[in-house]
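Some notes on the structure that comes next.
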Amino acid sequence: MIRSYTLENGRLKPSQDLSADMEKIAWIDLFTPSREEETAVENLLTVALPTREEMEEIEISSRLYVEDGAYFMTATLPSHSDTDKPLMAPVTFILAGKKLITVRYTEPRAFVAFPQRAEKVATGCTNGETILVNLLESIVDRLADILEKAAKDIESLSRDVFESSKGKASTRNDHFQRVLKDIGRKEELVSNVRDSLLTFQRLSGFLAHALDQSKAVKDVRARVKTMSRDVLSLADHANFLSQKITFLLDATLGMINIEQNAIIKIFSVAAVVFLPPTLVASIYGMNFDIMPELNWTFGYPFAIGLMVLSAIIPFWLFRRRGWL
């Protein structure tokens with residue numbers, strides 16, 4: 001699918017005919033393009049678009065480069081971040097003269113929200129460079145929103161971990177299993193955002209150099225520097241959230257160990273309490289001929305009382321020492 005936009009009074013206007021409006025078009029967005037669509041854009045702009053396999057390469061030289069006067073920049077962006085299965089995929093931004101070309105195979109929310117807003121509100125878009133800067137700022141804002149929501153969810157998980165001492169043991173076990181799954185999902189999300197921010201750090205530095213080479217207006221270069229600082233601060237926040245998630249994981253495992261130790265302690269105490277009665281019963285279960293208590297009238301009550309007393313004394317000692 002090819003989406004193209006022209007500019008009108010600082011706003012984006014969708015174009016219906018790519019070839020007819022080529023002189024006016026400032027942004028061409030290729031979403032899961034077919035080979036025929038890629039070839040059509042390449043012929044119109046004389047730019048070789050990267051393949052999906054090339055976009056997924058992790059080498060910096062394959063993600064940030066200049067070719068035939070066009071600047072190619074690839075960043076990894078999250079999509080479907082509001083679901084339990086967020087998706088990470090590369091997106092390529094190409095500055096070819098004053099035109100912007102984007103190639104992507106997922107639908108990050110910024111690619112939906114930004115064109116809709118830019119159609120209604122004048123965002124200061126005058127060419128491909130300013131469109132790119134506005135789009136990148138929208139993406140950074142989206143990453144910040146994801147981290148903000150993740151931080152709130154992590155705070156909720158923290159309360160769940162440290163306020164889960166009530167209820168039955170089986171209920172607490174189910175609760176801890178759910179918490180562990182939630183912690184795993186949040187760690188995956190925050191890790192994906194950290195990876196995305198890392199690619200953005202590299203992209204912003206490359207873009208700043210490209211704008212210096214193209215003699216872009218001072219305001220645009222200043223916005224790129226501000227965006228770079230925002231990305232650094234978000235990366236620090238993502239690192240903080242990652243450390244907090246690690247702490248919650250350790251705390252949850254610690255709480256599970258405490259639960260398991262409490263159960264083992266109960267079994268250990270029960271074994272110690274019933275060990276002396278078992279010894280008494282074993283002694284009077286022997287088959288010796290000469291045992292004074294065998295013919296004693298009170299022998300049976302005496303043995304029963306001795307077993308009960310031998311069970312009560314260890315239990316009382318445990319309670320006195322605070323082991324129970």
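As shown in the structure tokens, the chain order sets the letters A, B, ...; within each chain, residues go from 1, and ligands are also counted from 1 in the order they appear.
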Can you list, as a CSV table (one decimal) with N, CA, C and O atoms, in the first residue's frame, every protein, DNA or RNA residue that comes within 7 Å of region 3-7 of chain A when you count only C-alpha atoms, leaving out same-chain residues fewer than 5 positions away?
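So the final result, stored in around02.csv, reads:
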```csv
chain,number,residue,atom,x,y,z
A,12,LEU,N,-0.8,18.4,6.1
A,12,LEU,CA,-0.7,17.3,5.1
A,12,LEU,C,-2.0,17.1,4.4
A,12,LEU,O,-3.1,17.2,5.0
A,13,LYS,N,-1.9,16.8,3.1
A,13,LYS,CA,-3.1,16.6,2.3
A,13,LYS,C,-2.9,15.3,1.5
A,13,LYS,O,-2.0,15.2,0.7
A,14,PRO,N,-3.7,14.2,1.8
A,14,PRO,CA,-3.6,13.0,1.0
A,14,PRO,C,-3.7,13.2,-0.5
A,14,PRO,O,-4.5,13.9,-1.0
A,15,SER,N,-2.8,12.5,-1.2
A,15,SER,CA,-2.8,12.6,-2.6
A,15,SER,C,-3.4,11.3,-3.2
A,15,SER,O,-3.1,10.2,-2.7
A,18,LEU,N,-0.2,9.3,-7.3
A,18,LEU,CA,1.2,9.5,-7.0
A,18,LEU,C,2.0,10.1,-8.2
A,18,LEU,O,2.8,11.1,-8.0
A,24,LYS,N,4.5,17.8,-6.2
A,24,LYS,CA,4.0,18.4,-5.0
A,24,LYS,C,4.1,17.5,-3.8
A,24,LYS,O,4.0,18.0,-2.7
A,25,ILE,N,4.3,16.2,-4.0
A,25,ILE,CA,4.3,15.3,-2.9
A,25,ILE,C,5.5,15.5,-2.1
A,25,ILE,O,6.6,15.6,-2.6
A,26,ALA,N,5.3,15.5,-0.7
A,26,ALA,CA,6.4,15.7,0.2
A,26,ALA,C,6.7,14.4,1.0
A,26,ALA,O,7.8,14.3,1.5
A,27,TRP,N,5.7,13.5,1.1
A,27,TRP,CA,5.9,12.3,1.9
A,27,TRP,C,5.2,11.1,1.2
A,27,TRP,O,4.0,11.2,0.8
A,28,ILE,N,6.0,10.1,1.0
A,28,ILE,CA,5.5,8.8,0.5
A,28,ILE,C,5.6,7.8,1.5
A,28,ILE,O,6.8,7.5,2.0
A,29,ASP,N,4.5,7.2,2.0
A,29,ASP,CA,4.5,6.1,3.0
A,29,ASP,C,4.2,4.8,2.4
A,29,ASP,O,3.1,4.6,1.9
A,30,LEU,N,5.2,3.9,2.4
A,30,LEU,CA,5.0,2.5,1.9
A,30,LEU,C,4.7,1.6,3.0
A,30,LEU,O,5.6,1.3,3.8
A,126,THR,N,6.8,21.9,6.0
A,126,THR,CA,7.1,22.7,4.8
A,126,THR,C,7.8,21.8,3.7
A,126,THR,O,7.8,22.2,2.6
```
Please, which residues in region 75-119 of chain A fall within 12 Å of region 208-227 of chain A when counting only C-alpha atoms, and what is the closest atom pair and distance in Å to one decimal for each, ordered by chain then residue number, as CSV?
```
residue,atom,partner,partner_atom,distance
A:Ile94,CA,A:Ala210,CA,11.2
A:Leu95,CA,A:Ala210,CA,9.1
A:Ala96,CA,A:Ser214,CA,10.9
A:Gly97,CA,A:Ser214,CA,8.8
A:Lys98,CA,A:Ser214,CA,9.8
```
- Could you pull out the helix (DSSP H, G or I) residues of region 33-282 of chain A from DSSP and send them as a PyMOL selection string? chain A and resi 35-45+52-55+60-63+110-120+128-162+169-213+218-282
- Within 12 Å of Ala113 (chain A) using only C-alpha atoms, minus same-chain residues under 4 positions, as a list in words: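 Once the adjacent positions are removed, what remains is Glu107, Pro108, Arg109, Arg117, Ala118, Glu119, Lys120, Asn134, Leu135, Glu137, Ser138, Ile139, Asp141 and Arg142 of chain A.
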- Query: So how far away is CA of Val273 (chain A) from CA of Asn295 (chain A), in Å?
  - Reply: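 According to the coordinates, CA of Asn295 (chain A) and CA of Val273 (chain A) are separated by 29.0 Å.
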- Message: Between CA of Asp289 (chain A) and CA of Ala311 (chain A), what distance in Å does the model show, to one decimal?
- Response: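 Value for the CA of Asp289 (chain A)-CA of Ala311 (chain A) distance: 27.9 Å.
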